[in-house]
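Participant: Provided below: structure-v6.cif, containing mmCIF, C-alpha atoms.
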```
data_start
loop_
_atom_site.label_atom_id
_atom_site.label_comp_id
_atom_site.auth_asym_id
_atom_site.auth_seq_id
_atom_site.Cartn_x
_atom_site.Cartn_y
_atom_site.Cartn_z
CA MET N 1099 157.83 -78.31 93.50
CA PRO N 1100 154.08 -77.75 93.63
CA ARG N 1101 152.25 -77.88 90.25
CA ILE N 1102 150.92 -74.60 88.75
CA PRO N 1103 147.19 -74.68 88.06
CA PHE N 1104 146.50 -75.37 84.35
CA LEU N 1105 144.27 -72.32 83.66
CA PHE N 1106 146.59 -69.64 85.02
CA VAL N 1107 149.03 -69.39 82.05
CA PRO N 1108 146.36 -69.06 79.32
CA LEU N 1109 144.74 -66.18 81.19
CA LEU N 1110 148.02 -64.26 81.30
CA PHE N 1111 148.60 -64.98 77.60
CA VAL N 1112 145.21 -63.68 76.55
CA ALA N 1113 145.64 -60.50 78.54
CA ALA N 1114 149.06 -59.80 77.02
CA CYS N 1115 147.89 -60.34 73.39
CA SER N 1116 144.49 -58.70 73.48
CA PRO N 1117 144.06 -55.63 71.11
CA GLU N 1118 144.83 -52.23 72.59
CA VAL N 1119 141.61 -50.41 73.47
CA ALA N 1120 141.49 -46.61 72.80
CA THR N 1121 141.28 -44.58 75.95
CA PRO N 1122 139.43 -41.30 76.37
CA ASN N 1123 142.83 -39.49 76.40
CA SER N 1124 143.66 -40.91 72.92
CA ALA N 1125 140.42 -39.56 71.43
CA VAL N 1126 141.17 -36.06 72.76
CA ASP N 1127 144.62 -36.06 71.11
CA ILE N 1128 143.18 -36.87 67.65
CA ASN N 1129 140.60 -34.10 67.83
CA MET N 1130 143.21 -31.64 68.96
CA ALA N 1131 145.44 -32.54 65.98
CA ALA N 1132 142.56 -31.86 63.60
CA VAL N 1133 141.90 -28.48 65.21
CA GLN N 1134 145.56 -27.54 65.00
CA ALA N 1135 145.69 -28.55 61.32
CA GLN N 1136 142.66 -26.38 60.53
CA ASP N 1137 144.22 -23.48 62.41
CA ALA N 1138 147.39 -23.84 60.32
CA VAL N 1139 145.36 -23.74 57.09
CA ASP N 1140 143.47 -20.63 58.24
CA ALA N 1141 146.69 -18.92 59.29
CA TYR N 1142 148.29 -19.61 55.90
CA GLY N 1143 145.33 -18.08 54.09
CA ALA N 1144 145.39 -14.98 56.27
CA ASN N 1145 149.13 -14.46 55.79
CA ASN N 1146 148.82 -14.68 51.99
CA ALA N 1147 145.64 -12.65 51.54
CA ASP N 1148 147.62 -9.56 50.51
CA ALA N 1149 150.09 -11.36 48.26
CA ALA N 1150 150.28 -10.05 44.71
CA PRO N 1151 148.23 -12.11 42.28
CA VAL N 1152 150.04 -14.11 39.67
CA GLU N 1153 150.21 -12.07 36.48
CA ILE N 1154 150.06 -13.53 32.98
CA ALA N 1155 152.74 -12.04 30.81
CA GLU N 1156 151.39 -9.95 27.95
CA PRO N 1157 153.06 -10.00 24.51
CA ASP N 1158 155.89 -7.49 24.30
CA ALA N 1159 154.88 -4.15 22.78
CA PRO N 1160 156.74 -3.17 19.60
CA ARG N 1161 160.00 -1.40 20.36
CA ASP N 1162 160.57 2.14 19.24
CA ASP N 1163 163.12 1.03 16.70
CA GLU N 1164 160.60 -1.42 15.24
CA ASN N 1165 158.04 1.36 14.94
CA ALA N 1166 160.68 3.58 13.36
CA ALA N 1167 161.52 0.83 10.89
CA GLY N 1168 157.85 0.55 9.95
CA ASN N 1169 157.58 4.29 9.42
CA ALA N 1170 160.95 4.77 7.68
CA LEU N 1171 160.87 6.83 4.50
CA ALA N 1172 162.01 5.22 1.29
CA PRO N 1173 165.42 6.55 0.24
CA LEU N 1174 165.51 9.16 -2.49
CA ASP N 1175 165.95 7.56 -5.89
CA PRO N 1176 166.94 10.05 -8.63
CA PRO N 1177 166.54 8.91 -12.24
CA ALA N 1178 169.60 7.31 -13.77
CA PRO N 1179 171.69 9.11 -16.42
CA GLY N 1180 170.18 8.84 -19.88
CA THR N 1181 166.63 8.33 -18.56
CA PRO N 1182 163.89 11.00 -18.29
CA GLY N 1183 164.85 13.31 -15.44
CA GLY N 1184 168.43 12.03 -15.39
CA LEU N 1185 171.68 13.69 -16.36
CA PRO N 1186 172.95 13.32 -19.93
CA ASP N 1187 174.59 9.95 -20.43
CA ASP N 1188 177.46 10.76 -22.77
CA ARG N 1189 179.39 7.78 -21.38
CA THR N 1190 182.52 9.93 -21.29
CA PRO N 1191 184.03 9.89 -17.82
CA LEU N 1192 185.23 13.17 -16.43
CA SER N 1193 188.94 13.58 -16.37
CA GLU N 1194 190.56 13.05 -13.01
CA ALA N 1195 193.64 14.96 -14.05
CA ALA N 1196 194.62 18.10 -12.19
CA PHE N 1197 192.74 21.17 -13.32
CA THR N 1198 193.21 24.88 -12.89
CA PRO N 1199 190.57 26.94 -11.07
CA ASP N 1200 189.85 28.98 -14.21
CA SER N 1201 189.15 25.88 -16.35
CA ALA N 1202 185.74 24.42 -17.19
CA GLN N 1203 186.39 21.65 -14.67
CA GLY N 1204 187.15 24.35 -12.14
CA ALA N 1205 183.68 25.76 -12.79
CA ALA N 1206 182.10 22.31 -12.29
CA ASN N 1207 184.00 22.01 -9.03
CA VAL N 1208 182.38 25.24 -7.80
CA VAL N 1209 178.97 23.71 -8.51
CA GLN N 1210 179.94 20.59 -6.56
CA SER N 1211 180.97 22.73 -3.60
CA TYR N 1212 177.80 24.82 -3.85
CA TYR N 1213 175.44 21.86 -3.49
CA ALA N 1214 177.60 20.16 -0.89
CA LEU N 1215 177.38 23.29 1.29
CA ILE N 1216 173.61 23.47 0.86
CA GLY N 1217 173.31 19.81 1.82
CA GLU N 1218 175.28 20.50 5.00
CA GLY N 1219 173.12 23.52 5.87
CA LYS N 1220 176.01 25.95 5.31
CA TYR N 1221 173.83 28.39 3.42
CA ARG N 1222 175.93 31.52 3.94
CA GLU N 1223 179.01 29.83 2.44
CA ALA N 1224 176.95 28.56 -0.50
CA PHE N 1225 175.49 32.03 -1.05
CA ALA N 1226 179.00 33.45 -1.31
CA LEU N 1227 179.62 31.30 -4.43
CA ARG N 1228 176.92 33.17 -6.35
CA ASP N 1229 177.54 36.06 -8.69
CA GLY N 1230 176.49 39.47 -7.44
CA SER N 1231 174.06 39.78 -10.37
CA ALA N 1232 172.61 36.31 -9.96
CA ALA N 1233 168.84 35.99 -10.05
CA GLY N 1234 167.05 34.91 -6.89
CA PRO N 1235 167.51 35.86 -3.24
CA LYS N 1236 169.66 38.94 -2.75
CA THR N 1237 170.66 38.29 0.87
CA ALA N 1238 172.14 35.30 2.67
CA GLU N 1239 169.14 35.27 5.02
CA ALA N 1240 166.62 35.04 2.19
CA PHE N 1241 168.76 32.40 0.50
CA ALA N 1242 168.84 30.31 3.69
CA ALA N 1243 165.07 30.63 4.09
CA ASP N 1244 164.58 29.13 0.61
CA PHE N 1245 166.46 25.97 1.57
CA ALA N 1246 165.37 25.68 5.21
CA ARG N 1247 162.14 24.00 4.07
CA TYR N 1248 164.09 20.90 3.02
CA SER N 1249 165.04 18.11 5.41
CA GLU N 1250 167.69 16.95 2.94
CA TYR N 1251 169.07 18.34 -0.29
CA HIS N 1252 171.48 16.72 -2.76
CA ALA N 1253 172.64 17.10 -6.36
CA ASN N 1254 174.42 15.09 -9.00
CA VAL N 1255 176.69 17.23 -11.17
CA GLY N 1256 177.43 16.41 -14.81
CA GLY N 1257 180.35 17.29 -17.03
CA PRO N 1258 180.80 20.99 -17.89
CA SER N 1259 180.42 22.51 -21.31
CA ALA N 1260 183.32 24.13 -23.12
CA ILE N 1261 184.08 27.66 -22.00
CA ASP N 1262 182.11 30.25 -23.91
CA ALA N 1263 184.54 33.15 -24.25
CA GLY N 1264 183.90 36.59 -25.62
CA ALA N 1265 184.96 40.18 -24.89
CA GLY N 1266 186.83 39.14 -21.79
CA GLN N 1267 183.79 37.34 -20.31
CA ARG N 1268 183.82 33.60 -19.66
CA ASN N 1269 180.80 31.36 -19.19
CA VAL N 1270 180.39 27.63 -18.53
CA THR N 1271 177.20 25.57 -18.23
CA VAL N 1272 177.10 22.58 -15.88
CA PRO N 1273 174.16 20.11 -15.90
CA VAL N 1274 172.73 19.25 -12.48
CA GLN N 1275 170.17 16.86 -11.08
CA VAL N 1276 168.63 17.76 -7.73
CA TYR N 1277 167.03 15.23 -5.39
CA ALA N 1278 165.69 16.50 -2.09
CA ARG N 1279 162.97 16.02 0.52
CA LEU N 1280 160.64 18.63 1.97
CA LYS N 1281 160.22 18.83 5.74
CA HIS N 1282 156.47 19.35 5.50
CA GLY N 1283 154.81 16.21 4.23
CA LYS N 1284 158.15 14.45 3.65
CA ALA N 1285 157.56 14.65 -0.11
CA PRO N 1286 160.54 13.90 -2.37
CA VAL N 1287 161.60 16.52 -4.93
CA TYR N 1288 163.34 15.67 -8.20
CA GLN N 1289 164.58 18.43 -10.51
CA ILE N 1290 166.78 18.61 -13.57
CA GLY N 1291 168.51 21.59 -15.13
CA ALA N 1292 171.76 23.48 -15.42
CA VAL N 1293 173.91 25.97 -13.59
CA THR N 1294 175.69 28.72 -15.52
CA LEU N 1295 178.88 30.20 -14.11
CA HIS N 1296 180.64 33.38 -15.08
CA ARG N 1297 184.00 35.03 -14.60
CA THR N 1298 185.78 38.05 -16.04
CA ASP N 1299 189.16 37.72 -17.69
CA VAL N 1300 190.37 41.19 -18.63
CA ASP N 1301 193.23 43.36 -17.60
CA GLY N 1302 192.49 45.11 -14.35
CA ALA N 1303 189.95 42.51 -13.17
CA SER N 1304 190.20 41.66 -9.48
CA ALA N 1305 190.95 38.17 -8.19
CA GLU N 1306 187.28 37.91 -7.17
CA GLN N 1307 186.10 38.80 -10.68
CA ARG N 1308 188.45 36.22 -12.23
CA THR N 1309 186.92 33.48 -10.07
CA TRP N 1310 184.00 31.36 -11.24
CA HIS N 1311 180.70 32.37 -9.63
CA ILE N 1312 177.22 30.98 -10.15
CA ARG N 1313 175.11 33.36 -12.24
CA THR N 1314 171.98 31.35 -12.97
CA VAL N 1315 170.39 28.14 -11.71
CA ALA N 1316 167.66 26.91 -14.06
CA LEU N 1317 165.77 23.86 -12.75
CA LYS N 1318 162.51 22.21 -13.68
CA ASP N 1319 160.61 19.41 -12.00
CA GLY N 1320 161.57 15.94 -13.08
CA PRO N 1321 159.13 13.04 -13.64
CA LYS N 1322 157.13 11.82 -10.66
CA ARG N 1323 158.58 8.77 -8.96
#
```
Would you encode the structure as structure tokens?
Facilitator:
Amino acid sequence: MPRIPFLFVPLLFVAACSPEVATPNSAVDINMAAVQAQDAVDAYGANNADAAPVEIAEPDAPRDDENAAGNALAPLDPPAPGTPGGLPDDRTPLSEAAFTPDSAQGAANVVQSYYALIGEGKYREAFALRDGSAAGPKTAEAFAADFARYSEYHANVGGPSAIDAGAGQRNVTVPVQVYARLKHGKAPVYQIGAVTLHRTDVDGASAEQRTWHIRTVALKDGPKR
């Protein structure tokens, strides 16, 4: 076998291991990639130009119920029994035993009903519990107008007096404490006084005349609270 020249193998080895030289085509590919990348960035910006900006959440506004709580009126607070402006404190509880309509307790029960009806806005029914000769409004309409100026109206009723009897006429006095609130200005109203009831107990008197009816309501302003 003929011998291979000594220099031939090293030349092939050098050619095979020499670094790869960039060709003009390789340089074009790199530039094109950069252009494409820039185009992608520009396209992203254009597509998101109209996107809604990120909003920073503002603190929640107070709810209506919170505002209402801040503006709530203090509850009415009538003076306690035995204090100025309060009912008499005789410390004798009213009897819970059954009573007859013509008794003193029956008269106090009429007063309870009277103020309960006013508190419910049932003015015509309350007016019907008054005596025909009672002082004050003479019609149910005028009576209702007197109380329509209140947003709320309540009363505490005390124990009745003994029946004052004479010449077939019967009278009972019942202490009352009124606590109410006016619509205009929301001002509270505290009053103290008494209600006098009357009925007739003679032969020939009608059932209506024998029934307790309110004849007078005497109230005065209580102490400021």
Participant: Using only C-alpha atoms, can you tell me which of N:Ala1285, N:Ala1205, N:Val1293, N:Val1255 comes closest to Ala1172 in chain N?
Facilitator: N:Ala1285
Participant: Can you spell out as a ChimeraX atom specification the set of residues that the PyMOL selection byres ((chain N and resi 1258-1264) around 10) selects in the structure I just provided?
Facilitator: /N:1192,1200-1207,1209,1255-1257,1265-1274,1292-1299
Participant: Quote the spacing between CA of Ala1243 in chain N and CA of Thr1309 in chain N in Å to one decimal place.
Facilitator: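 Going from CA of Ala1243 in chain N over to CA of Thr1309 in chain N covers 26.2 Å.
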Participant: So that I can see what lies close to range 1226-1242 of chain N, please list as a list in words the residues with an atom at most 8 Å from it, counting all atoms listed in the file and leaving out residues fewer than 5 positions away in the same chain.
Facilitator: Val1208, Tyr1212, Tyr1221, His1296, His1311, Ile1312, Arg1313 and Thr1314 of chain N
Participant: Is there a way to get, as an MDAnalysis selection string, all residues within 7 Å of the point (159.7, 25.2, 2.5) in file coordinates, counting all atoms listed in the file?
Facilitator: chainID N and resid 1244:1248 1280
